[in-house]
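Shown here: target-v5.cif, mmCIF, C-alpha atoms.
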data_run
loop_
_atom_site.group_PDB
_atom_site.id
_atom_site.type_symbol
_atom_site.label_atom_id
_atom_site.label_comp_id
_atom_site.auth_asym_id
_atom_site.auth_seq_id
_atom_site.Cartn_x
_atom_site.Cartn_y
_atom_site.Cartn_z
ATOM 1 C CA MET A 157 137.855 99.012 124.262
ATOM 2 C CA SER A 158 134.236 100.127 124.308
ATOM 3 C CA MET A 159 133.547 103.762 124.988
ATOM 4 C CA ALA A 160 131.060 104.675 127.675
ATOM 5 C CA ALA A 161 127.916 106.391 126.494
ATOM 6 C CA PRO A 162 127.745 110.065 127.442
ATOM 7 C CA PRO A 163 125.454 110.767 130.377
ATOM 8 C CA ARG A 164 121.954 111.831 129.420
ATOM 9 C CA LYS A 165 121.232 115.464 130.110
ATOM 10 C CA ALA A 166 118.592 116.231 132.690
ATOM 11 C CA TRP A 167 115.382 117.742 131.406
ATOM 12 C CA THR A 168 115.004 121.461 131.835
ATOM 13 C CA PRO A 169 111.798 122.893 133.366
ATOM 14 C CA SER A 170 110.747 124.285 129.972
ATOM 15 C CA GLN A 171 111.129 120.828 128.338
ATOM 16 C CA ILE A 172 109.035 119.240 131.070
ATOM 17 C CA ILE A 173 106.302 121.858 130.701
ATOM 18 C CA LEU A 174 106.236 121.523 126.890
ATOM 19 C CA THR A 175 106.112 117.715 127.126
ATOM 20 C CA LEU A 176 103.219 117.821 129.593
ATOM 21 C CA LEU A 177 101.414 120.372 127.443
ATOM 22 C CA GLY A 178 101.926 118.273 124.309
ATOM 23 C CA THR A 179 100.675 115.171 126.118
ATOM 24 C CA ALA A 180 97.567 117.002 127.325
ATOM 25 C CA VAL A 181 96.793 118.304 123.816
ATOM 26 C CA SER A 182 97.316 114.815 122.365
ATOM 27 C CA VAL A 183 94.908 113.318 124.898
ATOM 28 C CA VAL A 184 92.288 115.937 124.011
ATOM 29 C CA PHE A 185 92.572 115.127 120.298
ATOM 30 C CA LEU A 186 92.704 111.332 120.765
ATOM 31 C CA ALA A 187 89.811 111.136 123.248
ATOM 32 C CA PRO A 188 87.052 111.350 120.564
ATOM 33 C CA PHE A 189 88.704 108.550 118.549
ATOM 34 C CA ALA A 190 88.943 106.375 121.660
ATOM 35 C CA TRP A 191 85.308 107.104 122.561
ATOM 36 C CA GLY A 192 84.148 106.250 119.038
ATOM 37 C CA LEU A 193 86.132 102.990 119.011
ATOM 38 C CA PHE A 194 84.845 101.854 122.403
ATOM 39 C CA THR A 195 81.260 102.833 121.520
ATOM 40 C CA SER A 196 81.451 100.857 118.263
ATOM 41 C CA LEU A 197 82.348 97.765 120.334
ATOM 42 C CA LYS A 198 79.251 98.092 122.534
ATOM 43 C CA SER A 199 75.740 96.799 121.976
ATOM 44 C CA GLU A 200 73.189 99.395 120.868
ATOM 45 C CA THR A 201 71.508 99.242 124.282
ATOM 46 C CA GLU A 202 74.743 99.919 126.112
ATOM 47 C CA ALA A 203 75.750 102.655 123.640
ATOM 48 C CA VAL A 204 72.797 104.816 124.761
ATOM 49 C CA ALA A 205 72.929 103.875 128.450
ATOM 50 C CA VAL A 206 72.939 106.681 131.027
ATOM 51 C CA PRO A 207 75.323 107.346 132.670
ATOM 52 C CA PRO A 208 77.706 106.461 129.832
ATOM 53 C CA ARG A 209 80.758 104.265 130.335
ATOM 54 C CA TRP A 210 84.052 104.504 128.494
ATOM 55 C CA LEU A 211 84.683 100.776 128.293
ATOM 56 C CA PRO A 212 81.923 98.360 127.255
ATOM 57 C CA ARG A 213 80.726 95.795 129.778
ATOM 58 C CA ASP A 214 80.284 93.221 127.021
ATOM 59 C CA TRP A 215 82.671 93.590 124.089
ATOM 60 C CA THR A 216 80.947 92.870 120.790
ATOM 61 C CA GLY A 217 81.505 93.511 117.096
ATOM 62 C CA GLN A 218 77.774 93.511 116.382
ATOM 63 C CA ALA A 219 77.787 97.121 115.189
ATOM 64 C CA TRP A 220 80.582 96.455 112.682
ATOM 65 C CA THR A 221 78.855 93.330 111.400
ATOM 66 C CA ALA A 222 75.532 95.141 111.014
ATOM 67 C CA LEU A 223 77.207 98.078 109.272
ATOM 68 C CA PHE A 224 78.702 95.894 106.534
ATOM 69 C CA GLU A 225 75.590 93.685 106.234
ATOM 70 C CA THR A 226 72.865 96.342 106.140
ATOM 71 C CA GLY A 227 74.767 99.353 104.787
ATOM 72 C CA ASN A 228 76.163 99.634 101.281
ATOM 73 C CA ILE A 229 79.476 100.758 102.707
ATOM 74 C CA THR A 230 81.624 99.352 99.874
ATOM 75 C CA ASN A 231 79.668 101.378 97.330
ATOM 76 C CA TRP A 232 79.862 104.498 99.528
ATOM 77 C CA PHE A 233 83.629 104.061 99.831
ATOM 78 C CA VAL A 234 84.101 103.687 96.067
ATOM 79 C CA ASN A 235 81.934 106.745 95.366
ATOM 80 C CA SER A 236 83.910 108.863 97.841
ATOM 81 C CA LEU A 237 87.179 107.639 96.370
ATOM 82 C CA VAL A 238 86.133 108.403 92.776
ATOM 83 C CA VAL A 239 84.837 111.873 93.640
ATOM 84 C CA SER A 240 87.807 112.812 95.870
ATOM 85 C CA VAL A 241 90.468 111.593 93.424
ATOM 86 C CA CYS A 242 88.830 113.374 90.468
ATOM 87 C CA VAL A 243 88.357 116.605 92.434
ATOM 88 C CA THR A 244 91.964 116.500 93.647
ATOM 89 C CA SER A 245 93.326 115.911 90.139
ATOM 90 C CA VAL A 246 91.320 118.747 88.575
ATOM 91 C CA VAL A 247 92.090 121.156 91.433
ATOM 92 C CA LEU A 248 95.829 120.473 91.166
ATOM 93 C CA LEU A 249 95.803 121.163 87.422
ATOM 94 C CA VAL A 250 93.580 124.256 87.584
ATOM 95 C CA SER A 251 95.231 125.761 90.666
ATOM 96 C CA ALA A 252 98.757 125.225 89.342
ATOM 97 C CA LEU A 253 97.975 126.827 85.972
ATOM 98 C CA ALA A 254 96.005 129.707 87.510
ATOM 99 C CA GLY A 255 98.569 130.363 90.242
ATOM 100 C CA TYR A 256 101.446 130.362 87.755
ATOM 101 C CA GLY A 257 99.518 132.579 85.355
ATOM 102 C CA PHE A 258 98.860 135.177 88.046
ATOM 103 C CA ALA A 259 102.456 135.027 89.326
ATOM 104 C CA ARG A 260 104.348 135.192 86.025
ATOM 105 C CA THR A 261 102.219 136.624 83.232
ATOM 106 C CA GLU A 262 100.805 140.089 82.610
ATOM 107 C CA PHE A 263 97.444 140.524 80.897
ATOM 108 C CA ARG A 264 94.609 143.024 80.780
ATOM 109 C CA GLY A 265 92.265 142.737 83.747
ATOM 110 C CA LYS A 266 94.712 140.717 85.843
ATOM 111 C CA SER A 267 94.173 142.765 89.004
ATOM 112 C CA VAL A 268 90.386 142.561 88.663
ATOM 113 C CA LEU A 269 90.470 138.810 88.113
ATOM 114 C CA MET A 270 92.821 138.378 91.066
ATOM 115 C CA ALA A 271 90.431 140.413 93.201
ATOM 116 C CA VAL A 272 87.603 138.077 92.172
ATOM 117 C CA VAL A 273 89.689 135.066 93.243
ATOM 118 C CA MET A 274 90.480 136.732 96.575
ATOM 119 C CA ALA A 275 86.784 137.497 97.062
ATOM 120 C CA GLY A 276 86.158 133.773 96.771
ATOM 121 C CA LEU A 277 88.097 133.320 100.014
ATOM 122 C CA MET A 278 85.491 135.340 101.871
ATOM 123 C CA ILE A 279 82.382 133.556 100.558
ATOM 124 C CA SER A 280 81.120 130.493 102.386
ATOM 125 C CA PRO A 281 80.451 127.481 100.109
ATOM 126 C CA ALA A 282 77.049 127.089 101.767
ATOM 127 C CA VAL A 283 75.984 130.485 100.352
ATOM 128 C CA LEU A 284 76.642 129.222 96.821
ATOM 129 C CA GLY A 285 74.628 126.026 97.296
ATOM 130 C CA VAL A 286 71.378 127.206 95.668
ATOM 131 C CA PRO A 287 72.885 128.918 92.566
ATOM 132 C CA LEU A 288 75.282 126.010 92.068
ATOM 133 C CA PHE A 289 72.447 123.504 92.300
ATOM 134 C CA THR A 290 70.380 125.520 89.811
ATOM 135 C CA THR A 291 73.307 125.576 87.379
ATOM 136 C CA VAL A 292 73.972 121.843 87.756
ATOM 137 C CA GLN A 293 70.270 121.096 87.290
ATOM 138 C CA GLN A 294 70.091 123.156 84.096
ATOM 139 C CA MET A 295 73.124 121.285 82.762
ATOM 140 C CA GLY A 296 71.434 117.930 83.464
ATOM 141 C CA MET A 297 74.127 116.754 85.889
ATOM 142 C CA VAL A 298 71.945 116.040 88.935
ATOM 143 C CA ASP A 299 72.456 112.469 90.206
ATOM 144 C CA THR A 300 75.757 112.126 88.340
ATOM 145 C CA TYR A 301 79.402 111.950 89.344
ATOM 146 C CA TRP A 302 80.148 115.105 87.371
ATOM 147 C CA GLY A 303 77.489 116.988 89.293
ATOM 148 C CA MET A 304 79.308 116.153 92.529
ATOM 149 C CA ILE A 305 82.815 116.731 91.154
ATOM 150 C CA LEU A 306 82.837 119.902 89.041
ATOM 151 C CA PRO A 307 81.440 122.432 91.595
ATOM 152 C CA GLN A 308 84.239 121.437 93.997
ATOM 153 C CA CYS A 309 87.012 122.091 91.471
ATOM 154 C CA ALA A 310 87.562 125.848 91.812
ATOM 155 C CA PRO A 311 88.866 126.557 95.321
ATOM 156 C CA ALA A 312 90.256 130.092 95.566
ATOM 157 C CA ALA A 313 92.404 129.171 98.577
ATOM 158 C CA MET A 314 94.413 126.610 96.607
ATOM 159 C CA VAL A 315 95.006 129.090 93.768
ATOM 160 C CA TYR A 316 96.273 131.617 96.298
ATOM 161 C CA ILE A 317 98.603 129.109 97.990
ATOM 162 C CA LEU A 318 100.281 128.178 94.695
ATOM 163 C CA TYR A 319 100.289 131.812 93.535
ATOM 164 C CA LYS A 320 102.292 132.795 96.638
ATOM 165 C CA PHE A 321 104.703 129.909 96.079
ATOM 166 C CA PHE A 322 105.294 130.687 92.403
ATOM 167 C CA GLN A 323 106.026 134.304 93.318
ATOM 168 C CA GLY A 324 108.936 133.066 95.430
ATOM 169 C CA ILE A 325 110.636 131.144 92.619
ATOM 170 C CA PRO A 326 113.623 133.121 91.271
ATOM 171 C CA ARG A 327 112.877 134.474 87.824
ATOM 172 C CA GLU A 328 116.494 133.829 86.823
ATOM 173 C CA LEU A 329 115.777 130.087 86.569
ATOM 174 C CA GLU A 330 113.042 130.671 84.016
ATOM 175 C CA GLU A 331 114.972 133.346 82.137
ATOM 176 C CA ALA A 332 117.929 130.969 81.744
ATOM 177 C CA ALA A 333 115.583 128.362 80.266
ATOM 178 C CA PHE A 334 114.080 130.963 77.905
ATOM 179 C CA ILE A 335 117.567 131.880 76.688
ATOM 180 C CA ASP A 336 118.200 128.181 75.942
ATOM 181 C CA GLY A 337 115.104 128.171 73.737
ATOM 182 C CA ALA A 338 112.519 126.667 76.078
ATOM 183 C CA GLY A 339 108.940 127.849 75.758
ATOM 184 C CA ARG A 340 106.544 128.840 78.539
ATOM 185 C CA TRP A 341 104.903 125.410 78.756
ATOM 186 C CA ARG A 342 108.228 123.579 78.843
ATOM 187 C CA VAL A 343 109.495 125.887 81.593
ATOM 188 C CA PHE A 344 106.328 125.309 83.574
ATOM 189 C CA PHE A 345 106.422 121.506 83.392
ATOM 190 C CA THR A 346 110.193 120.929 83.581
ATOM 191 C CA ILE A 347 111.286 123.638 86.041
ATOM 192 C CA VAL A 348 108.363 125.147 87.946
ATOM 193 C CA VAL A 349 106.333 122.006 88.646
ATOM 194 C CA PRO A 350 109.288 120.000 90.060
ATOM 195 C CA LEU A 351 110.175 122.925 92.342
ATOM 196 C CA ALA A 352 106.543 123.177 93.457
ATOM 197 C CA ARG A 353 106.258 119.511 94.413
ATOM 198 C CA PRO A 354 105.953 120.154 98.196
ATOM 199 C CA SER A 355 103.249 122.776 97.735
ATOM 200 C CA LEU A 356 101.415 120.663 95.153
ATOM 201 C CA ALA A 357 101.480 117.734 97.587
ATOM 202 C CA ALA A 358 100.025 119.898 100.352
ATOM 203 C CA VAL A 359 97.303 121.279 98.067
ATOM 204 C CA GLY A 360 96.444 117.765 96.885
ATOM 205 C CA ILE A 361 96.200 116.405 100.424
ATOM 206 C CA PHE A 362 94.094 119.319 101.692
ATOM 207 C CA THR A 363 91.769 119.035 98.692
ATOM 208 C CA PHE A 364 91.392 115.267 99.064
ATOM 209 C CA ILE A 365 90.525 115.585 102.753
ATOM 210 C CA ALA A 366 88.017 118.395 102.138
ATOM 211 C CA SER A 367 86.332 116.506 99.300
ATOM 212 C CA TRP A 368 86.206 113.253 101.266
ATOM 213 C CA ASN A 369 84.548 115.006 104.231
ATOM 214 C CA ASN A 370 82.136 117.059 102.108
ATOM 215 C CA PHE A 371 78.603 116.255 103.209
ATOM 216 C CA LEU A 372 76.442 119.165 102.094
ATOM 217 C CA TRP A 373 77.067 119.301 98.339
ATOM 218 C CA PRO A 374 76.736 115.540 97.566
ATOM 219 C CA TYR A 375 73.629 115.550 99.754
ATOM 220 C CA MET A 376 72.118 118.402 97.705
ATOM 221 C CA VAL A 377 72.986 117.182 94.227
ATOM 222 C CA THR A 378 72.035 113.500 94.379
ATOM 223 C CA ASN A 379 69.044 111.492 95.543
ATOM 224 C CA ASN A 380 70.354 108.225 94.140
ATOM 225 C CA PRO A 381 71.353 105.797 96.961
ATOM 226 C CA ASP A 382 73.895 104.203 94.602
ATOM 227 C CA LEU A 383 75.779 107.531 94.360
ATOM 228 C CA MET A 384 75.996 108.247 98.091
ATOM 229 C CA THR A 385 79.424 109.125 99.471
ATOM 230 C CA MET A 386 80.673 107.993 102.873
ATOM 231 C CA PRO A 387 79.384 111.002 104.894
ATOM 232 C CA ASN A 388 75.935 110.767 103.270
ATOM 233 C CA GLY A 389 75.729 107.004 103.628
ATOM 234 C CA ILE A 390 76.739 107.009 107.282
ATOM 235 C CA ALA A 391 74.022 109.588 107.994
ATOM 236 C CA THR A 392 71.432 106.989 106.959
ATOM 237 C CA VAL A 393 72.500 104.544 109.687
ATOM 238 C CA MET A 394 69.221 104.491 111.576
ATOM 239 C CA ASN A 395 66.046 102.444 111.846
ATOM 240 C CA SER A 396 62.536 102.913 113.197
ATOM 241 C CA TYR A 397 63.973 103.259 116.714
ATOM 242 C CA GLY A 398 66.250 106.150 115.766
ATOM 243 C CA ILE A 399 69.983 106.510 115.230
ATOM 244 C CA GLN A 400 72.086 103.417 115.798
ATOM 245 C CA TRP A 401 74.951 105.003 117.711
ATOM 246 C CA ALA A 402 77.268 101.998 117.777
ATOM 247 C CA GLN A 403 76.898 101.548 114.008
ATOM 248 C CA LEU A 404 77.297 105.291 113.507
ATOM 249 C CA MET A 405 80.607 105.246 115.388
ATOM 250 C CA ALA A 406 81.782 102.217 113.410
ATOM 251 C CA GLY A 407 80.887 103.979 110.166
ATOM 252 C CA GLY A 408 82.619 107.165 111.262
ATOM 253 C CA LEU A 409 85.821 105.282 112.054
ATOM 254 C CA THR A 410 85.638 103.494 108.695
ATOM 255 C CA ALA A 411 85.181 106.807 106.894
ATOM 256 C CA GLY A 412 88.031 108.425 108.800
ATOM 257 C CA LEU A 413 90.519 105.597 108.262
ATOM 258 C CA PRO A 414 91.657 106.738 104.762
ATOM 259 C CA LEU A 415 92.251 110.262 106.081
ATOM 260 C CA ILE A 416 94.318 108.945 108.975
ATOM 261 C CA ILE A 417 96.384 106.879 106.533
ATOM 262 C CA VAL A 418 96.887 109.898 104.261
ATOM 263 C CA PHE A 419 98.062 112.025 107.176
ATOM 264 C CA VAL A 420 100.386 109.366 108.612
ATOM 265 C CA PHE A 421 102.122 108.729 105.296
ATOM 266 C CA PHE A 422 102.143 112.309 103.965
ATOM 267 C CA GLN A 423 102.626 114.441 107.079
ATOM 268 C CA ARG A 424 106.098 115.485 105.892
ATOM 269 C CA GLN A 425 104.631 116.746 102.622
ATOM 270 C CA ILE A 426 101.914 118.627 104.519
ATOM 271 C CA VAL A 427 104.412 120.407 106.762
ATOM 272 C CA ALA A 428 106.848 121.074 103.900
ATOM 273 C CA GLY A 429 104.043 122.332 101.678
ATOM 274 C CA VAL A 430 102.780 124.808 104.270
ATOM 275 C CA ALA A 431 106.352 125.964 104.931
ATOM 276 C CA HIS A 432 106.966 126.575 101.201
ATOM 277 C CA THR A 433 103.723 128.389 100.400
ATOM 278 C CA GLY A 434 104.868 131.718 101.796
ATOM 279 C CA LEU A 435 101.813 131.899 104.045
ATOM 280 C CA ALA A 436 103.798 131.809 107.291
ATOM 281 C CA GLY A 437 104.417 135.536 107.257
ATOM 282 C CA GLN A 438 101.008 136.553 105.971
#
Please lay out the structure from this file as structure tokens.
Amino acid sequence: MSMAAPPRKAWTPSQIILTLLGTAVSVVFLAPFAWGLFTSLKSETEAVAVPPRWLPRDWTGQAWTALFETGNITNWFVNSLVVSVCVTSVVLLVSALAGYGFARTEFRGKSVLMAVVMAGLMISPAVLGVPLFTTVQQMGMVDTYWGMILPQCAPAAMVYILYKFFQGIPRELEEAAFIDGAGRWRVFFTIVVPLARPSLAAVGIFTFIASWNNFLWPYMVTNNPDLMTMPNGIATVMNSYGIQWAQLMAGGLTAGLPLIIVFVFFQRQIVAGVAHTGLAGQ
């Protein structure tokens, strides 16, 4: 005999209000994506028409076709991927080692060095543009991948995030491993790193997104069109008549697609990483 399903509970006023609020916030965040998609499916004439219309009168993929025919978008995509993956890999290694060193080891000048790292949180990257460019130029790394990668590989925020996480790991786990004869490096790679997987995932995702969206530094350090990243390449989508808005929207959606994919597939790691960093109560 089949059992009847329990009656569904009626929504409370607070649930209704929260649902409506969440829907409104979602619409606000999704509206720019919808506008960009619809604009990319318009002709260039209609894209700049006044007053503007949400939906195109004549649906066309001309902007997408022109973007892939006239722009070197494949090369831009590969450059962004190479730079972002290399930056993320180096940042994960450096931040994990630095954060663990600050959290678990004692050495002369530790407090001063930690203060320097914390000071890095208060300095805008734009302020460091000129001295960084001078340094890269003196090292002969202008118009190279390394010139775009290395200056992005020392983010103080990521060191601090992992430092706070490593402080929360019970010392008893490491002391037990030391008693069994494990060394510092073995403890780090076999005990600490596996425990830090959520925070490492969050740091990696945040770093990848920041590097992928970085416009200013690649723009400063390279003049070679073959080394342009996605943000720099999309900024060149114009002709003698000015900016091609439909192509610009198509390029922006193409550039944002990898970030959307990263967020969709790794949103659990992002939330878990933020929850495990110890920043919630700061």
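Matched in the shown structure by the PyMOL selection byres ((chain A and resi 323-331) around 8): Ala259, Arg260, Tyr319, Lys320, Phe321, Phe322, Ala332, Ala333, Phe334, Ile335, Val343, Ile347, Val348 and Gly434 of chain A.
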| query | Could you work out how far CA of Ala310 (chain A) lies from CA of Gly276 (chain A), giving the answer in Å with one decimal? | reply |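 Computed distance, CA of Gly276 (chain A) to CA of Ala310 (chain A), equals 9.5 Å.
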| Exactly which residues make up the result of the PyMOL selection byres ((chain A and resi 375-377) around 12) on this file, given as a ChimeraX atom specification? | /A:282,284-293,296-307,369-374,378-381,383-392
| task | Using only C-alpha atoms, find the one residue out of A:Leu404, A:Leu415, A:Val283, A:Ala275 that sits nearest to Ala312 (chain A). | result | A:Ala275
| task | Can you work out which one of A:Gly360, A:Asn235, A:Ser251, A:Gln308 has the shortest atom-to-atom distance to Pro281 (chain A), counting all atoms listed in the file? | result |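 Going through A:Gly360, A:Asn235, A:Ser251, A:Gln308 one by one, the smallest distance to Pro281 (chain A) is for A:Gln308.
A straight line drawn from CA of Phe364 (chain A) to CA of Gly408 (chain A) is 17.1 Å long.
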I'd like the residues picked by the PyMOL selection byres ((chain A and resi 399-402) around 10) written out as a short mmCIF file (atom, residue, chain, number, x, y, z; two decimals) with C-alpha atoms, in the frame of the given file, using the chain letters and numbers from the file.
data_model
loop_
_atom_site.label_atom_id
_atom_site.label_comp_id
_atom_site.auth_asym_id
_atom_site.auth_seq_id
_atom_site.Cartn_x
_atom_site.Cartn_y
_atom_site.Cartn_z
CA GLY A 192 84.15 106.25 119.04
CA LEU A 193 86.13 102.99 119.01
CA PHE A 194 84.84 101.85 122.40
CA THR A 195 81.26 102.83 121.52
CA SER A 196 81.45 100.86 118.26
CA LEU A 197 82.35 97.76 120.33
CA LYS A 198 79.25 98.09 122.53
CA SER A 199 75.74 96.80 121.98
CA GLU A 200 73.19 99.40 120.87
CA THR A 201 71.51 99.24 124.28
CA GLU A 202 74.74 99.92 126.11
CA ALA A 203 75.75 102.66 123.64
CA VAL A 204 72.80 104.82 124.76
CA GLY A 217 81.50 93.51 117.10
CA GLN A 218 77.77 93.51 116.38
CA ALA A 219 77.79 97.12 115.19
CA TRP A 220 80.58 96.46 112.68
CA ALA A 222 75.53 95.14 111.01
CA LEU A 223 77.21 98.08 109.27
CA ALA A 391 74.02 109.59 107.99
CA THR A 392 71.43 106.99 106.96
CA VAL A 393 72.50 104.54 109.69
CA MET A 394 69.22 104.49 111.58
CA ASN A 395 66.05 102.44 111.85
CA SER A 396 62.54 102.91 113.20
CA TYR A 397 63.97 103.26 116.71
CA GLY A 398 66.25 106.15 115.77
CA GLN A 403 76.90 101.55 114.01
CA LEU A 404 77.30 105.29 113.51
CA MET A 405 80.61 105.25 115.39
CA ALA A 406 81.78 102.22 113.41
CA GLY A 407 80.89 103.98 110.17
CA GLY A 408 82.62 107.16 111.26
#
| Which is closer to Tyr316 (chain A) than all the others in A:Leu277, A:Leu248, A:Ala411, A:Val349, using all atoms listed in the file? | A:Leu277
| task | Return the single residue from A:Met295, A:Ala271, A:Phe362, A:Tyr256 that is closest to Leu318 (chain A), with distances computed using all atoms listed in the file. | result |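 Smallest distance to Leu318 (chain A) is found for A:Tyr256.
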| field | Two-atom distance - CA of Val359 (chain A), CA of Thr346 (chain A) (Å) | value | 19.4 Å
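Nearest to Phe258 (chain A) of all the residues A:Ala190, A:Leu409, A:Met270, A:Ala313 is A:Met270, counting only C-alpha atoms.
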N, CA and C atoms of region 300-313 of chain A, written as a JSON list (two decimals), in the first residue's frame:
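Output contents, as saved in out.json:
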[["chain", "number", "residue", "atom", "x", "y", "z"],
["A", 300, "THR", "N", 57.76, 39.58, -22.69],
["A", 300, "THR", "CA", 57.95, 38.15, -22.47],
["A", 300, "THR", "C", 56.85, 37.65, -21.54],
["A", 301, "TYR", "N", 56.64, 36.34, -21.56],
["A", 301, "TYR", "CA", 55.68, 35.74, -20.63],
["A", 301, "TYR", "C", 56.11, 35.97, -19.19],
["A", 302, "TRP", "N", 57.41, 35.79, -18.92],
["A", 302, "TRP", "CA", 57.89, 35.93, -17.55],
["A", 302, "TRP", "C", 57.66, 37.34, -17.03],
["A", 303, "GLY", "N", 57.78, 38.33, -17.89],
["A", 303, "GLY", "CA", 57.52, 39.70, -17.47],
["A", 303, "GLY", "C", 56.08, 39.91, -17.04],
["A", 304, "MET", "N", 55.15, 39.17, -17.64],
["A", 304, "MET", "CA", 53.75, 39.28, -17.23],
["A", 304, "MET", "C", 53.44, 38.42, -16.01],
["A", 305, "ILE", "N", 54.18, 37.33, -15.84],
["A", 305, "ILE", "CA", 53.85, 36.35, -14.80],
["A", 305, "ILE", "C", 54.44, 36.72, -13.44],
["A", 306, "LEU", "N", 55.76, 36.93, -13.38],
["A", 306, "LEU", "CA", 56.44, 37.04, -12.10],
["A", 306, "LEU", "C", 55.93, 38.16, -11.20],
["A", 307, "PRO", "N", 55.67, 39.39, -11.71],
["A", 307, "PRO", "CA", 55.19, 40.44, -10.80],
["A", 307, "PRO", "C", 53.82, 40.17, -10.18],
["A", 308, "GLN", "N", 53.09, 39.18, -10.70],
["A", 308, "GLN", "CA", 51.78, 38.85, -10.14],
["A", 308, "GLN", "C", 51.86, 37.72, -9.11],
["A", 309, "CYS", "N", 53.06, 37.27, -8.79],
["A", 309, "CYS", "CA", 53.20, 36.03, -8.02],
["A", 309, "CYS", "C", 53.49, 36.23, -6.54],
["A", 310, "ALA", "N", 53.27, 37.43, -6.01],
["A", 310, "ALA", "CA", 53.52, 37.65, -4.58],
["A", 310, "ALA", "C", 52.36, 38.40, -3.94],
["A", 311, "PRO", "N", 51.17, 37.82, -3.94],
["A", 311, "PRO", "CA", 50.02, 38.51, -3.34],
["A", 311, "PRO", "C", 49.98, 38.33, -1.83],
["A", 312, "ALA", "N", 50.06, 39.43, -1.09],
["A", 312, "ALA", "CA", 50.06, 39.35, 0.37],
["A", 312, "ALA", "C", 48.76, 38.77, 0.91],
["A", 313, "ALA", "N", 47.64, 39.03, 0.23],
["A", 313, "ALA", "CA", 46.35, 38.55, 0.72],
["A", 313, "ALA", "C", 46.32, 37.02, 0.77]]
